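Asker: Okay, here's the structure, questions in a sec.
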Amino acid sequence: MAYAAACAGENVRRKNSVGPSTLSVIDDARVDLALAVLSLREGDTEPNIALPELLAELDEQDRITAFRRSLTEALLPFGHDELQPLEHRCRRVRRLADGKGPSSLEMIAGRQFDDGRRQEFMSQPDRLCRSIWAFLNERDAFEDAESFYFARQFRDYGRLYDAFEVDLGSPQILDAASIDAAALAAKITKNLDLKTACTVKAIDLPETSTHPASVMLIVRHGGPLSSVHDHRDDGHRRTIYYRPPNEATLIYTPSLLQIEVCADSPVVRQVASEAFAEVVLGHDVSQKPLTWKQYNLSRFRSSLRLESPRVDGYEIEFARVLEAEVRLGVWRRKLLLKVTIDDDIEEVADRYLGPGNVMRRADAFSRIGIAVAYNRVGDATKRTLNITISGAKSNLQSNKDPEERSLGFALLQQWGILSAFRQIDPADVHAMFGQLLRLHDRGEEEVSGGHLRELGLDPDCLVQGGLLERRHRQAVVLIEDGDIDGEADVAPSAKKGMVREVGPFGEVAGERPALHLEMYGINAQWLHETLLKQMQPLLGKRASQVLDPDLTLLGEMKIGDTRVPVYFARRLDHMQTLRRLDLLLRARSSTGAGIVLAASAEMPGCLGPNVVVPLLSNMSSKDEEFVLSRDGLELAYRNSFLLASGGSTPQVVRSGKQSGTLYVPGKDPLHLGGNDQLTIFERLVAARRKGSPDVQVKDLMEGFASGSPQQIFEKVVWKSILDVYISKGAKRGYWRLVVARSSTVAPI
């Protein structure tokens, strides 16, 4: 029994290497289709699997069950990583066989298959078999169905990346057949500066119960050139260069004058939308930029009442808040207050929640429901418009009446709730480049209004430009003033635009502007790409590639006769970031000495075999065309090139009290953190210059708590520098600096 139990355990362990989607296809699909999926090999690295042959039609359930079992057993000898490609294929097949996947596939099939293929597709016995059949026989249509499926997910669950408005005046009739896909693809390729052409496919989307008729466009394009090391079966490795496939899905709804777009990059989303508006709709985005909606619910902190503003063409009887939902400290705690149309919600809140209640002190408003009673001028019919705002979404966008949508948005703008996105003018981006650079260098997800104003940035401008989004207001502040030393709560003030600071025992600690305590989320990806766009004119060859969250390869810049790689780095004043990027760039030393454009104010002189150049010190004047001075960057590179190669003599250069760099001729610079590390190498360098390179350990470690230099460094760092920068001396108990000479030629 022990042997049987051991065998059973081993079988379970091996079976776990077969993924759940693969097992589902084997168990549920018709056996011939399951065998066909398992037989696919889409790469040389996939294993050759000895699958059983389907010799005859299986008409008995026992024989079918046995065949399914034999398929699973054929996969058991292979590991989880070897079966990953197969699991990925089966997951794709299952996705279009469950939930809304089948309707997505059937919609695409109805538009792209001819009568014969459509009949064969629909003759498959069930949804899973139809999905597998399309995957095997109509791969292009299958991939289009995947794109539509994901677009529906974004639509139906409110996770659309961006939704832009087009100011055309009135809706235009548009269908897929009227779109010049080739012209649109050429425009997107040019505006994104793509190295390979993109493709555009247009598909009509019928009207549904939740969405008007639309046109979907699938934009497929290659990403930045990348590479990966492939370890072959013979033990050798090779470098494989490839362009990852990228995709953007765009949905245009003529009746709403709205462009919805899904893509990983905010720049791709914006460029694709603008290109569509120009090429397909004939819209001049330079005169009327695309807009999106931003909702700011903070005005309800001071009052839940709404005035009845004047809107041309309408008479507003009243506007009332019927529903208010707030978050309490953390997002998972919420309080919802709902009243009838005959109630005054502010009076109800004061009566049951008390004056100065949680509605005014909440972390953030997450939902507001408004009822508006109105009639159109010249029409005696009384009407009601319901407006619901939840997060960044509003129900107005799905309202099928264009007049009601316009009225709702006009009211929200007059109440100060709605602001429209407008791309920041390139000249303004140029002017605030330095401030945006400092914001990007923070590396944090949120920033306060007070800090933005210290940087000289206007939060409202950045919110409208999509670089920031409003989050919440700080509920607690730290005070060190007078008798109060610690945390204070933030409470409403009778003065407009101000808040009170209340100590732990109710004592008033003063007032400060409410705007300083507003918190904003940073759209890090858009901010990063906005900065990159300003630096790209420097480059002779562009090849943007994110190597690390804090390091991006921009391309190449020609200095003399040499093509120099150019990088963009941030947070170089953090030692952990500095060490990580240093190791990463050393591994890329085969590309030659380059330039690292640094956002940080404090930085080393070199990073790996590259010259570090501070961006803030090399900015051009505001009236010049480019934001950076090319001559300044070239001069800084030439002046520091020799030092980046180790210099002419060993030396330690301190860049701060606790940071510095060791330079040794012929070696990459070594970054040091902490006074102990700096002092040790300063002593070794001094001994080398005196002609007696060996230093006794007691002299080397004098004044330190540690008795050996090894104890000063982390284990992984010590392993990388031992016998490279520091080694044991000729005698026991002595240490010395390792020096190796090599010639390095500066660019001409």
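The way I read the labels, and the way they are meant: chains A, B, ... in the order of the structure tokens, residue 1 as the first residue of every chain, and ligand 1 as the first ligand shown, with later ones counted on from there.
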List every residue of stretch 30-198 of chain A that DSSP, applied to the backbone of this structure, places in helix (DSSP H, G or I), and write the result as a ChimeraX atom specification.

Answerer: /A:31-39,61-75,84-95,101-112,115-122,127-137,139-156,176-178,181-191

Asker: For A:Arg118, list every protein, DNA or RNA residue within 12 Å, evaluated using only C-alpha atoms, and leave out those in the same chain fewer than 3 positions away; present the list as a PyMOL selection string.

Answerer: chain A and resi 105-115+121-124+130+133-134+137-138+141

Asker: Between A:Arg471, A:Arg630, A:Lys731, A:Arg542, which is the closest to A:Leu194 once you count only C-alpha atoms?

Answerer: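 Checking each candidate against A:Leu194, we get A:Arg542 as the closest.
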
Asker: Write out as JSON, numbers by chain the residues lying within 7 Å of A:Leu737, counting only C-alpha atoms and excluding same-chain residues fewer than 5 positions away.

Answerer: {"A": [684, 685, 693, 725, 726, 727]}

Asker: Could you turn the residues from that selection into a file that holds N, CA and C atoms, as a PDB file, in the first residue's frame?

Answerer:
```
ATOM      1  N   LEU A 684      42.666  52.748   0.894  1.00  0.00           N
ATOM      2  CA  LEU A 684      43.366  51.883  -0.061  1.00  0.00           C
ATOM      3  C   LEU A 684      43.971  52.703  -1.201  1.00  0.00           C
ATOM      4  N   VAL A 685      43.218  53.719  -1.669  1.00  0.00           N
ATOM      5  CA  VAL A 685      43.731  54.583  -2.738  1.00  0.00           C
ATOM      6  C   VAL A 685      44.942  55.368  -2.249  1.00  0.00           C
ATOM      7  N   PRO A 693      50.934  49.589  -1.421  1.00  0.00           N
ATOM      8  CA  PRO A 693      49.510  49.311  -1.634  1.00  0.00           C
ATOM      9  C   PRO A 693      48.848  48.462  -0.553  1.00  0.00           C
ATOM     10  N   TYR A 725      37.905  44.859  -7.291  1.00  0.00           N
ATOM     11  CA  TYR A 725      38.308  46.177  -6.801  1.00  0.00           C
ATOM     12  C   TYR A 725      39.147  46.074  -5.524  1.00  0.00           C
ATOM     13  N   ILE A 726      38.972  45.023  -4.744  1.00  0.00           N
ATOM     14  CA  ILE A 726      39.698  44.831  -3.502  1.00  0.00           C
ATOM     15  C   ILE A 726      40.107  43.370  -3.387  1.00  0.00           C
ATOM     16  N   SER A 727      41.316  43.136  -2.888  1.00  0.00           N
ATOM     17  CA  SER A 727      41.790  41.753  -2.726  1.00  0.00           C
ATOM     18  C   SER A 727      42.714  41.693  -1.521  1.00  0.00           C
TER      19      SER A 727
END
```

Asker: Please indicate the distance in Å from atom CA of A:Leu385 to atom CA of A:Ala410, rounded to one decimal place.

Answerer: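 Distance between the two atoms: 12.6 Å.
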
Asker: Write out as number ranges by chain each polymer residue whose atoms come within 6 Å of A:Val566, counting only C-alpha atoms; drop sequence neighbours fewer than 2 positions from it.

Answerer: A: 554-556, 594-596

Asker: Let's have the selection written as an mmCIF file, in the first residue's frame, with N, CA and C atoms.

Answerer:
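And here is the file that came out, out-v3.cif:
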```cif
data_model
loop_
_atom_site.group_PDB
_atom_site.id
_atom_site.type_symbol
_atom_site.label_atom_id
_atom_site.label_comp_id
_atom_site.auth_asym_id
_atom_site.auth_seq_id
_atom_site.Cartn_x
_atom_site.Cartn_y
_atom_site.Cartn_z
ATOM 1 N N LEU A 554 16.689 55.559 -24.727
ATOM 2 C CA LEU A 554 16.021 56.471 -25.648
ATOM 3 C C LEU A 554 16.410 56.221 -27.095
ATOM 4 N N GLY A 555 17.667 55.856 -27.326
ATOM 5 C CA GLY A 555 18.169 55.679 -28.681
ATOM 6 C C GLY A 555 19.643 56.022 -28.742
ATOM 7 N N GLU A 556 20.078 56.623 -29.829
ATOM 8 C CA GLU A 556 21.483 56.970 -30.014
ATOM 9 C C GLU A 556 21.624 58.432 -30.418
ATOM 10 N N GLY A 594 28.051 55.473 -22.905
ATOM 11 C CA GLY A 594 26.913 56.264 -23.332
ATOM 12 C C GLY A 594 26.650 57.425 -22.398
ATOM 13 N N ILE A 595 25.479 58.041 -22.591
ATOM 14 C CA ILE A 595 25.048 59.168 -21.770
ATOM 15 C C ILE A 595 23.798 58.751 -21.001
ATOM 16 N N VAL A 596 23.801 58.993 -19.693
ATOM 17 C CA VAL A 596 22.618 58.786 -18.867
ATOM 18 C C VAL A 596 22.076 60.156 -18.494
#
```

Asker: To one decimal place, how far is atom CA of A:Thr562 from atom CA of A:Arg579 in Å?

Answerer: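 If I compute the distance from atom CA of A:Thr562 to atom CA of A:Arg579, I get 27.4 Å.
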
Asker: Going by DSSP on the backbone, which residues of stretch 620-688 of chain A come out as strand (DSSP E or B)? List them as a PyMOL selection string.

Answerer: chain A and resi 628+651-656+659-663+670-673

Asker: Go ahead and save the residues from that selection, with N, CA, C and O atoms, as an mmCIF file, in the first residue's frame.

Answerer:
```cif
data_model
loop_
_atom_site.group_PDB
_atom_site.id
_atom_site.type_symbol
_atom_site.label_atom_id
_atom_site.label_comp_id
_atom_site.auth_asym_id
_atom_site.auth_seq_id
_atom_site.Cartn_x
_atom_site.Cartn_y
_atom_site.Cartn_z
ATOM 1 N N LEU A 628 16.355 70.813 -24.464
ATOM 2 C CA LEU A 628 17.696 70.541 -23.947
ATOM 3 C C LEU A 628 18.754 71.093 -24.890
ATOM 4 O O LEU A 628 18.552 71.161 -26.107
ATOM 5 N N GLN A 651 40.953 56.912 -7.715
ATOM 6 C CA GLN A 651 40.469 57.992 -6.848
ATOM 7 C C GLN A 651 39.063 57.677 -6.372
ATOM 8 O O GLN A 651 38.322 56.926 -7.006
ATOM 9 N N VAL A 652 38.703 58.270 -5.240
ATOM 10 C CA VAL A 652 37.347 58.200 -4.703
ATOM 11 C C VAL A 652 36.773 59.608 -4.733
ATOM 12 O O VAL A 652 37.368 60.534 -4.181
ATOM 13 N N VAL A 653 35.632 59.761 -5.393
ATOM 14 C CA VAL A 653 34.978 61.063 -5.488
ATOM 15 C C VAL A 653 33.665 60.985 -4.713
ATOM 16 O O VAL A 653 32.789 60.191 -5.047
ATOM 17 N N ARG A 654 33.564 61.810 -3.666
ATOM 18 C CA ARG A 654 32.339 61.843 -2.863
ATOM 19 C C ARG A 654 31.313 62.763 -3.531
ATOM 20 O O ARG A 654 31.633 63.886 -3.904
ATOM 21 N N SER A 655 30.072 62.264 -3.664
ATOM 22 C CA SER A 655 28.989 63.087 -4.184
ATOM 23 C C SER A 655 28.058 63.530 -3.067
ATOM 24 O O SER A 655 27.092 64.239 -3.299
ATOM 25 N N GLY A 656 28.332 63.123 -1.857
ATOM 26 C CA GLY A 656 27.560 63.478 -0.668
ATOM 27 C C GLY A 656 28.259 62.902 0.544
ATOM 28 O O GLY A 656 29.288 62.227 0.437
ATOM 29 N N SER A 659 27.643 59.064 0.124
ATOM 30 C CA SER A 659 27.690 58.437 -1.193
ATOM 31 C C SER A 659 28.893 58.939 -1.970
ATOM 32 O O SER A 659 29.401 60.039 -1.721
ATOM 33 N N GLY A 660 29.354 58.125 -2.889
ATOM 34 C CA GLY A 660 30.502 58.481 -3.709
ATOM 35 C C GLY A 660 30.818 57.365 -4.686
ATOM 36 O O GLY A 660 30.120 56.346 -4.740
ATOM 37 N N THR A 661 31.891 57.541 -5.450
ATOM 38 C CA THR A 661 32.242 56.594 -6.508
ATOM 39 C C THR A 661 33.743 56.347 -6.503
ATOM 40 O O THR A 661 34.535 57.286 -6.360
ATOM 41 N N LEU A 662 34.102 55.078 -6.668
ATOM 42 C CA LEU A 662 35.506 54.693 -6.826
ATOM 43 C C LEU A 662 35.811 54.591 -8.309
ATOM 44 O O LEU A 662 35.092 53.916 -9.050
ATOM 45 N N TYR A 663 36.891 55.274 -8.748
ATOM 46 C CA TYR A 663 37.335 55.214 -10.136
ATOM 47 C C TYR A 663 38.698 54.542 -10.184
ATOM 48 O O TYR A 663 39.630 54.932 -9.478
ATOM 49 N N LEU A 670 32.722 52.202 -9.475
ATOM 50 C CA LEU A 670 32.034 51.448 -8.428
ATOM 51 C C LEU A 670 31.373 52.431 -7.480
ATOM 52 O O LEU A 670 32.036 53.271 -6.871
ATOM 53 N N HIS A 671 30.054 52.330 -7.322
ATOM 54 C CA HIS A 671 29.332 53.236 -6.433
ATOM 55 C C HIS A 671 29.374 52.708 -5.008
ATOM 56 O O HIS A 671 29.175 51.513 -4.760
ATOM 57 N N LEU A 672 29.614 53.610 -4.087
ATOM 58 C CA LEU A 672 29.766 53.265 -2.676
ATOM 59 C C LEU A 672 28.717 54.004 -1.863
ATOM 60 O O LEU A 672 28.429 55.177 -2.123
ATOM 61 N N GLY A 673 28.146 53.311 -0.888
ATOM 62 C CA GLY A 673 27.125 53.907 -0.041
ATOM 63 C C GLY A 673 27.516 53.822 1.416
ATOM 64 O O GLY A 673 27.843 52.748 1.930
#
```

Asker: Atom CA of A:Met359 and atom CA of A:Ile316 are how many Å apart?

Answerer: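 Those two atoms sit 26.4 Å apart.
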
Asker: Do you know which residues are at most 9 Å from A:His221 counting only C-alpha atoms, after dropping those on the same chain fewer than 2 positions away, and could you put them as a PyMOL selection string?

Answerer: chain A and resi 189+194+196-199+219+223+244-248

Asker: Those residues you just picked out, can you put them in a file as a PDB file, in the first residue's frame with C-alpha atoms?

Answerer:
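Okay, again.pdb is ready:
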```
ATOM      1  CA  THR A 189       2.423  54.884 -38.355  1.00  0.00           C
ATOM      2  CA  LEU A 194       6.748  53.415 -35.909  1.00  0.00           C
ATOM      3  CA  THR A 196       7.178  48.994 -39.018  1.00  0.00           C
ATOM      4  CA  ALA A 197       3.822  49.634 -40.641  1.00  0.00           C
ATOM      5  CA  CYS A 198       0.658  49.069 -38.635  1.00  0.00           C
ATOM      6  CA  THR A 199      -2.575  47.534 -39.871  1.00  0.00           C
ATOM      7  CA  VAL A 219      -4.971  48.710 -34.782  1.00  0.00           C
ATOM      8  CA  GLY A 223       6.520  47.610 -30.398  1.00  0.00           C
ATOM      9  CA  PRO A 244       6.498  42.498 -29.557  1.00  0.00           C
ATOM     10  CA  PRO A 245       3.016  42.736 -31.110  1.00  0.00           C
ATOM     11  CA  ASN A 246       1.022  45.658 -29.729  1.00  0.00           C
ATOM     12  CA  GLU A 247      -2.641  46.375 -30.254  1.00  0.00           C
ATOM     13  CA  ALA A 248      -5.088  49.210 -29.759  1.00  0.00           C
TER      14      ALA A 248
END
```

Asker: Give me, as number ranges by chain, all polymer residues having an atom no more than 9 Å from stretch 144-151 of chain A, counting only C-alpha atoms and skipping those fewer than 2 positions away in the same chain.

Answerer: A: 92, 95-96, 100-101, 103-109, 139-142, 153-156, 160, 201, 216, 218, 247-251, 261-262

Asker: Those residues you just picked out, can you put them in a file as a short mmCIF file (atom, residue, chain, number, x, y, z; two decimals), in the first residue's frame with N, CA, C and O atoms?

Answerer:
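To be explicit, this is the file written out as out_33.cif:
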```cif
data_model
loop_
_atom_site.label_atom_id
_atom_site.label_comp_id
_atom_site.auth_asym_id
_atom_site.auth_seq_id
_atom_site.Cartn_x
_atom_site.Cartn_y
_atom_site.Cartn_z
N ARG A 92 -6.89 30.67 -24.37
CA ARG A 92 -7.51 31.54 -25.37
C ARG A 92 -8.78 30.90 -25.93
O ARG A 92 -9.81 31.58 -26.10
N ARG A 95 -11.56 31.05 -23.37
CA ARG A 95 -12.07 32.41 -23.15
C ARG A 95 -13.21 32.74 -24.10
O ARG A 95 -14.19 33.38 -23.72
N LEU A 96 -13.09 32.31 -25.36
CA LEU A 96 -14.14 32.59 -26.34
C LEU A 96 -15.23 31.53 -26.35
O LEU A 96 -16.09 31.52 -27.23
N LYS A 100 -19.27 35.96 -22.36
CA LYS A 100 -19.59 36.71 -23.57
C LYS A 100 -18.66 36.38 -24.72
O LYS A 100 -18.77 36.98 -25.79
N GLY A 101 -17.76 35.41 -24.50
CA GLY A 101 -16.86 35.00 -25.57
C GLY A 101 -17.58 34.45 -26.79
O GLY A 101 -17.29 34.84 -27.92
N SER A 103 -20.63 34.99 -27.99
CA SER A 103 -21.33 36.01 -28.78
C SER A 103 -20.34 36.90 -29.52
O SER A 103 -20.62 37.36 -30.63
N SER A 104 -19.17 37.14 -28.92
CA SER A 104 -18.14 37.92 -29.62
C SER A 104 -17.66 37.17 -30.85
O SER A 104 -17.50 37.75 -31.94
N LEU A 105 -17.42 35.87 -30.69
CA LEU A 105 -16.95 35.06 -31.81
C LEU A 105 -18.01 34.94 -32.90
O LEU A 105 -17.71 35.03 -34.09
N GLU A 106 -19.25 34.76 -32.49
CA GLU A 106 -20.32 34.62 -33.47
C GLU A 106 -20.56 35.93 -34.24
O GLU A 106 -20.88 35.91 -35.43
N MET A 107 -20.41 37.07 -33.55
CA MET A 107 -20.59 38.35 -34.24
C MET A 107 -19.53 38.53 -35.32
O MET A 107 -19.83 38.92 -36.46
N ILE A 108 -18.26 38.21 -35.00
CA ILE A 108 -17.18 38.34 -35.99
C ILE A 108 -17.37 37.32 -37.11
O ILE A 108 -17.20 37.64 -38.30
N ALA A 109 -17.77 36.11 -36.77
CA ALA A 109 -17.99 35.08 -37.79
C ALA A 109 -19.10 35.50 -38.75
O ALA A 109 -19.02 35.28 -39.97
N ARG A 139 -7.82 31.72 -38.05
CA ARG A 139 -7.07 32.35 -36.97
C ARG A 139 -7.24 33.87 -36.96
O ARG A 139 -7.36 34.48 -35.90
N ASP A 140 -7.26 34.51 -38.12
CA ASP A 140 -7.42 35.97 -38.16
C ASP A 140 -8.75 36.39 -37.54
O ASP A 140 -8.82 37.35 -36.75
N ALA A 141 -9.81 35.69 -37.92
CA ALA A 141 -11.13 36.01 -37.37
C ALA A 141 -11.16 35.73 -35.87
O ALA A 141 -11.77 36.48 -35.09
N PHE A 142 -10.51 34.67 -35.43
CA PHE A 142 -10.45 34.34 -34.01
C PHE A 142 -9.78 35.47 -33.24
O PHE A 142 -10.25 35.89 -32.17
N GLN A 153 -15.30 43.84 -22.52
CA GLN A 153 -15.03 43.79 -21.09
C GLN A 153 -14.79 45.20 -20.56
O GLN A 153 -15.29 45.58 -19.51
N PHE A 154 -13.98 45.96 -21.28
CA PHE A 154 -13.69 47.33 -20.85
C PHE A 154 -14.97 48.16 -20.81
O PHE A 154 -15.21 48.93 -19.89
N ARG A 155 -15.83 47.98 -21.83
CA ARG A 155 -17.07 48.75 -21.91
C ARG A 155 -18.03 48.39 -20.79
O ARG A 155 -18.50 49.24 -20.05
N ASP A 156 -18.31 47.13 -20.67
CA ASP A 156 -19.38 46.68 -19.79
C ASP A 156 -19.05 46.83 -18.31
O ASP A 156 -19.93 46.92 -17.47
N LEU A 160 -12.76 51.14 -19.33
CA LEU A 160 -12.18 51.72 -20.54
C LEU A 160 -11.00 52.60 -20.16
O LEU A 160 -11.06 53.35 -19.19
N LYS A 201 -8.10 47.26 -39.07
CA LYS A 201 -9.25 46.50 -39.55
C LYS A 201 -10.49 47.09 -38.91
O LYS A 201 -10.55 47.30 -37.68
N MET A 216 -15.93 49.37 -34.72
CA MET A 216 -14.72 48.99 -34.00
C MET A 216 -13.55 48.91 -34.97
O MET A 216 -13.67 48.35 -36.05
N ILE A 218 -9.47 47.75 -35.11
CA ILE A 218 -8.38 47.05 -34.43
C ILE A 218 -7.08 47.51 -35.08
O ILE A 218 -6.85 47.30 -36.27
N GLU A 247 -1.31 46.23 -29.67
CA GLU A 247 -2.64 46.37 -30.25
C GLU A 247 -3.41 47.48 -29.55
O GLU A 247 -3.30 47.65 -28.33
N ALA A 248 -4.15 48.23 -30.31
CA ALA A 248 -5.09 49.21 -29.76
C ALA A 248 -6.46 48.94 -30.37
O ALA A 248 -6.57 48.69 -31.57
N THR A 249 -7.48 48.95 -29.55
CA THR A 249 -8.84 48.75 -30.02
C THR A 249 -9.61 50.05 -29.85
O THR A 249 -9.67 50.60 -28.76
N LEU A 250 -10.18 50.54 -30.94
CA LEU A 250 -10.88 51.83 -30.95
C LEU A 250 -12.33 51.60 -31.34
O LEU A 250 -12.61 50.89 -32.31
N ILE A 251 -13.24 52.17 -30.58
CA ILE A 251 -14.67 52.06 -30.86
C ILE A 251 -15.23 53.47 -31.01
O ILE A 251 -15.10 54.29 -30.10
N VAL A 261 -11.08 54.09 -26.63
CA VAL A 261 -9.86 53.44 -27.10
C VAL A 261 -9.18 52.71 -25.95
O VAL A 261 -9.11 53.21 -24.82
N CYS A 262 -8.74 51.50 -26.24
CA CYS A 262 -8.04 50.66 -25.27
C CYS A 262 -6.64 50.36 -25.81
O CYS A 262 -6.50 49.86 -26.92
#
```

Asker: Smallest atom-to-atom distance to A:Thr253: which of A:Asp204, A:Arg299, A:Ala598, A:Arg220, using only C-alpha atoms?

Answerer: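 Among A:Asp204, A:Arg299, A:Ala598, A:Arg220, it is A:Asp204 that comes nearest to A:Thr253.
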